[in-house]
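The file work39.txt contains compact mmCIF, C-alpha atoms:
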# COMPACT_ATOMS: atom_id res chain seq x y z
CA MET A 217 16.70 -41.80 -5.43
CA VAL A 218 16.56 -38.06 -6.19
CA THR A 219 19.53 -37.33 -8.41
CA GLN A 220 20.88 -34.11 -9.85
CA GLU A 221 19.97 -35.44 -13.29
CA LEU A 222 16.32 -35.77 -12.22
CA LEU A 223 16.30 -32.31 -10.65
CA ASP A 224 17.87 -30.72 -13.73
CA TYR A 225 15.38 -32.39 -16.07
CA ILE A 226 12.36 -31.25 -14.04
CA LYS A 227 13.71 -27.69 -13.76
CA LYS A 228 14.36 -27.56 -17.50
CA GLU A 229 10.85 -28.79 -18.30
CA LEU A 230 9.23 -26.39 -15.84
CA ASP A 231 11.20 -23.51 -17.36
CA ARG A 232 9.89 -24.55 -20.80
CA GLY A 233 6.34 -24.28 -19.44
CA ALA A 234 5.47 -27.96 -19.03
CA ASN A 235 3.04 -28.78 -16.24
CA LYS A 236 3.82 -31.05 -13.32
CA GLU A 237 1.54 -33.90 -14.39
CA ASP A 238 3.00 -34.10 -17.90
CA ILE A 239 6.54 -34.15 -16.51
CA LYS A 240 5.60 -36.82 -13.98
CA ASN A 241 3.97 -39.02 -16.65
CA ILE A 242 7.04 -38.81 -18.89
CA LEU A 243 9.34 -39.69 -16.00
CA LEU A 244 7.13 -42.60 -14.92
CA SER A 245 7.21 -43.96 -18.47
CA ASN A 246 11.02 -43.79 -18.31
CA ASN A 247 11.19 -45.95 -15.19
CA TRP A 248 11.55 -43.25 -12.53
CA SER A 249 9.70 -44.05 -9.32
CA ALA A 250 6.77 -41.89 -8.23
CA GLN A 251 8.45 -41.44 -4.84
CA ASP A 252 11.66 -40.07 -6.45
CA ILE A 253 9.68 -37.78 -8.74
CA ASP A 254 7.62 -36.38 -5.87
CA GLY A 255 10.78 -35.94 -3.81
CA ALA A 256 12.42 -34.04 -6.67
CA PHE A 257 9.41 -31.73 -7.06
CA THR A 258 9.43 -31.10 -3.31
CA THR A 259 13.14 -30.27 -3.43
CA ILE A 260 12.67 -27.88 -6.37
CA LEU A 261 9.69 -26.15 -4.78
CA ASN A 262 11.58 -25.70 -1.50
CA GLU A 263 14.61 -24.16 -3.22
CA GLY A 264 12.79 -20.85 -3.67
CA VAL A 265 11.68 -20.71 -0.02
CA PRO A 266 14.23 -18.98 2.20
CA GLN A 267 15.29 -21.07 5.15
CA LYS A 268 14.51 -19.75 8.60
CA GLN A 269 17.58 -18.11 10.06
CA ASN A 270 18.49 -17.77 13.68
CA ILE A 271 18.31 -14.06 14.45
CA PRO A 272 20.51 -12.98 17.34
CA SER A 273 18.45 -11.92 20.34
CA ASP A 274 20.29 -8.60 20.70
CA ILE A 275 18.79 -7.31 17.42
CA PRO A 276 15.49 -5.57 18.18
CA LYS A 277 12.48 -6.74 16.21
CA ILE A 278 10.52 -4.13 14.29
CA ASN A 279 7.02 -3.85 15.63
CA SER A 280 4.84 -2.56 12.83
CA LYS A 281 1.59 -2.85 14.76
CA ALA A 282 -0.16 0.49 14.58
CA PRO A 283 -1.15 2.26 17.81
CA VAL A 284 -4.88 2.78 18.33
CA PHE A 285 -4.69 6.52 17.57
CA VAL A 286 -2.97 5.83 14.24
CA LYS A 287 -5.74 3.35 13.38
CA ILE A 288 -8.38 5.95 14.28
CA VAL A 289 -6.73 8.62 12.10
CA ALA A 290 -6.32 6.11 9.25
CA SER A 291 -9.99 5.12 9.53
CA ILE A 292 -11.10 8.76 9.43
CA MET A 293 -8.89 9.36 6.38
CA LEU A 294 -10.40 6.31 4.68
CA LEU A 295 -13.93 7.53 5.39
CA VAL A 296 -13.19 11.08 4.19
CA GLY A 297 -11.52 9.69 1.06
CA ILE A 298 -14.56 7.56 0.23
CA ILE A 299 -16.91 10.51 0.83
CA ARG A 300 -14.76 12.70 -1.44
CA LEU A 301 -14.97 10.12 -4.20
CA LEU A 302 -18.73 9.82 -3.85
CA VAL A 303 -19.23 13.60 -3.92
CA SER A 304 -16.69 14.45 -6.61
CA GLY A 305 -18.19 12.14 -9.26
CA PRO A 306 -21.49 14.04 -9.50
CA ALA A 307 -19.62 17.36 -9.26
CA MET A 308 -17.49 16.47 -12.28
CA LEU A 309 -20.56 15.36 -14.25
CA LEU A 310 -22.24 18.63 -13.39
CA GLY A 311 -19.14 20.52 -14.50
CA PHE A 312 -19.03 18.64 -17.80
CA GLY A 313 -22.74 19.29 -18.33
CA LEU A 314 -22.38 22.99 -17.59
CA LYS A 315 -19.08 23.16 -19.49
CA SER A 316 -17.57 24.75 -16.42
CA PHE A 317 -13.83 24.25 -16.30
CA PRO A 318 -13.44 25.27 -12.63
CA VAL A 319 -16.07 22.75 -11.48
CA VAL A 320 -14.45 19.98 -13.54
CA PHE A 321 -10.99 20.96 -12.30
CA PHE A 322 -12.03 20.92 -8.65
CA GLY A 323 -13.91 17.65 -9.24
CA ILE A 324 -10.76 16.03 -10.59
CA LEU A 325 -8.76 17.50 -7.72
CA SER A 326 -11.29 16.07 -5.27
CA VAL A 327 -11.06 12.62 -6.88
CA LEU A 328 -7.27 12.68 -6.63
CA THR A 329 -7.47 13.85 -3.03
CA GLY A 330 -9.94 11.08 -2.19
CA ILE A 331 -7.71 8.43 -3.74
CA GLY A 332 -4.70 9.89 -1.92
CA LEU A 333 -6.48 9.80 1.42
CA ILE A 334 -7.60 6.21 0.90
CA VAL A 335 -4.16 4.97 -0.12
CA THR A 336 -2.45 6.91 2.67
CA SER A 337 -4.86 5.49 5.24
CA PHE A 338 -3.68 1.98 4.36
CA GLY A 339 -0.03 3.06 4.57
CA LEU A 340 -0.57 4.54 8.02
CA ARG A 341 -2.55 1.54 9.26
CA LYS A 342 0.32 -0.76 8.23
CA MET A 343 2.88 1.67 9.72
CA ARG A 344 4.68 2.23 6.42
CA LYS A 345 7.17 5.09 6.09
CA TRP A 346 5.65 6.13 2.77
CA GLY A 347 2.29 6.58 4.55
CA LEU A 348 3.96 8.94 7.01
CA TYR A 349 5.66 10.84 4.18
CA VAL A 350 2.45 11.20 2.19
CA PHE A 351 0.57 12.36 5.30
CA THR A 352 3.33 14.95 5.78
CA VAL A 353 2.84 16.17 2.20
CA ILE A 354 -0.94 16.32 2.66
CA THR A 355 -0.49 18.43 5.79
CA GLY A 356 1.93 20.70 3.93
CA LEU A 357 -0.59 21.14 1.12
CA SER A 358 -3.26 21.99 3.71
CA LEU A 359 -0.96 24.71 5.05
CA VAL A 360 -0.52 26.13 1.55
CA SER A 361 -4.31 26.02 1.04
CA VAL A 362 -4.97 27.91 4.27
CA ILE A 363 -2.38 30.55 3.40
CA TYR A 364 -3.94 30.89 -0.06
CA SER A 365 -7.39 31.31 1.52
CA ILE A 366 -6.13 34.00 3.89
CA VAL A 367 -4.38 35.93 1.13
CA GLY A 368 -7.14 35.36 -1.45
CA SER A 369 -10.06 36.44 0.70
CA PRO A 370 -8.97 38.26 3.82
CA GLY A 371 -12.55 39.00 4.94
CA LYS A 372 -13.61 35.35 4.73
CA GLU A 373 -14.03 33.31 7.87
CA ILE A 374 -10.99 31.04 7.95
CA TRP A 375 -11.28 29.75 11.48
CA ASP A 376 -12.51 26.32 10.39
CA GLU A 377 -9.58 25.90 8.06
CA LEU A 378 -7.12 27.09 10.71
CA ILE A 379 -8.56 24.68 13.28
CA ASN A 380 -8.33 21.78 10.81
CA LEU A 381 -4.75 22.72 10.00
CA VAL A 382 -3.78 22.87 13.69
CA ILE A 383 -5.34 19.44 14.26
CA GLU A 384 -3.55 17.98 11.23
CA ALA A 385 -0.25 19.52 12.34
CA ALA A 386 -0.66 18.15 15.87
CA ILE A 387 -1.35 14.66 14.47
CA LEU A 388 1.66 14.95 12.19
CA ILE A 389 3.92 15.96 15.07
CA TYR A 390 2.56 13.03 17.10
CA PHE A 391 3.29 10.62 14.23
CA TRP A 392 6.82 11.93 13.81
CA THR A 393 7.54 11.43 17.55
CA PHE A 394 7.56 7.68 16.93
CA SER A 395 8.56 7.70 13.26
CA LYS A 396 11.17 4.99 13.90
CA LYS A 397 8.34 2.50 14.34
CA PHE A 398 7.29 3.05 10.72
CA VAL A 399 8.86 0.48 8.40

Would you write out, as structure tokens, the structure that this file holds?
Amino acid sequence: MVTQELLDYIKKELDRGANKEDIKNILLSNNWSAQDIDGAFTTILNEGVPQKQNIPSDIPKINSKAPVFVKIVASIMLLVGIIRLLVSGPAMLLGFGLKSFPVVFFGILSVLTGIGLIVTSFGLRKMRKWGLYVFTVITGLSLVSVIYSIVGSPGKEIWDELINLVIEAAILIYFWTFSKKFV
């Protein structure tokens, strides 16, 4: 019979770091039955598992399955992040070799951007709010970058950057239209 005394002893021994087999052997040598010991271990292991609760049907379930477009954007971000990491490594080495601070700086910036894109892609794919927030920050930083390019070199062709920014902004607006689905 599984008693509180048996449960307390096993818990105490487990807390001390003893393994299951050693505890079981000691209990068997003290005339506890194998069935009671196994039952006690089962009870202890099940204590940490939350019991299934009946959720009222009027509470809506959160659907965190990402729409296809979100998966496509996340996949593109993952690919771009990986490419950035592959390109920025040699750029940083070149910068170190040439002792060129700007090349090293932009190499490090590219590595951080690549990592950010990769991590954010997983957040978006799993429909996590933090993924949406980070994507919002990335889009904001793109806006700052475009403004800096326009102010820094007014004669430079900036159409590519503007088009990329408009696309990013449109995606961001689309994501925020169903932001309540992000968990």

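The coordinates place atom CA of Leu301 of chain A at 5.4 Å from atom CA of Val327 of chain A.
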
Within 9 Å of Ile331 of chain A using all atoms listed in the file, minus same-chain residues under 2 positions, as a list in words
Gly297, Ile298, Arg300, Leu301, Ser326, Val327, Leu328, Thr329, Leu333, Ile334, Val335 and Thr336 of chain A

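Using only C-alpha atoms, the nearest neighbour of Lys227 of chain A within the list A:Thr259, A:Ser358, A:Ser365, A:Thr352 is A:Thr259.
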
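The shortest atom-to-atom distance to Ala386 of chain A, with only C-alpha atoms taken into account, belongs to A:Val289 out of A:Leu295, A:Val289, A:Leu309, A:Val350.
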
Counting all atoms listed in the file, note down every residue that has an atom within 12 Å of the point (-1.9, 3.6, 13.2) (file coordinates), as a PyMOL selection string.
chain A and resi 279-293+336-345+347-348+387-388+390-391+394-395+397-398

Please check which residues have atoms at most 12 Å from (0.6, 22.2, 6.9) in the file's coordinates, counting all atoms listed in the file, and write them as a PyMOL selection string.
chain A and resi 351-363+377-389

Quick one: what's the axis-aligned box for segment 225-244 of chain A, all listed atoms, 6 Å on every side, centre and edges in Å to one decimal, as JSON?
{"center_x": 8.5, "center_y": -33.1, "center_z": -17.1, "size_x": 25.8, "size_y": 31.1, "size_z": 19.5}
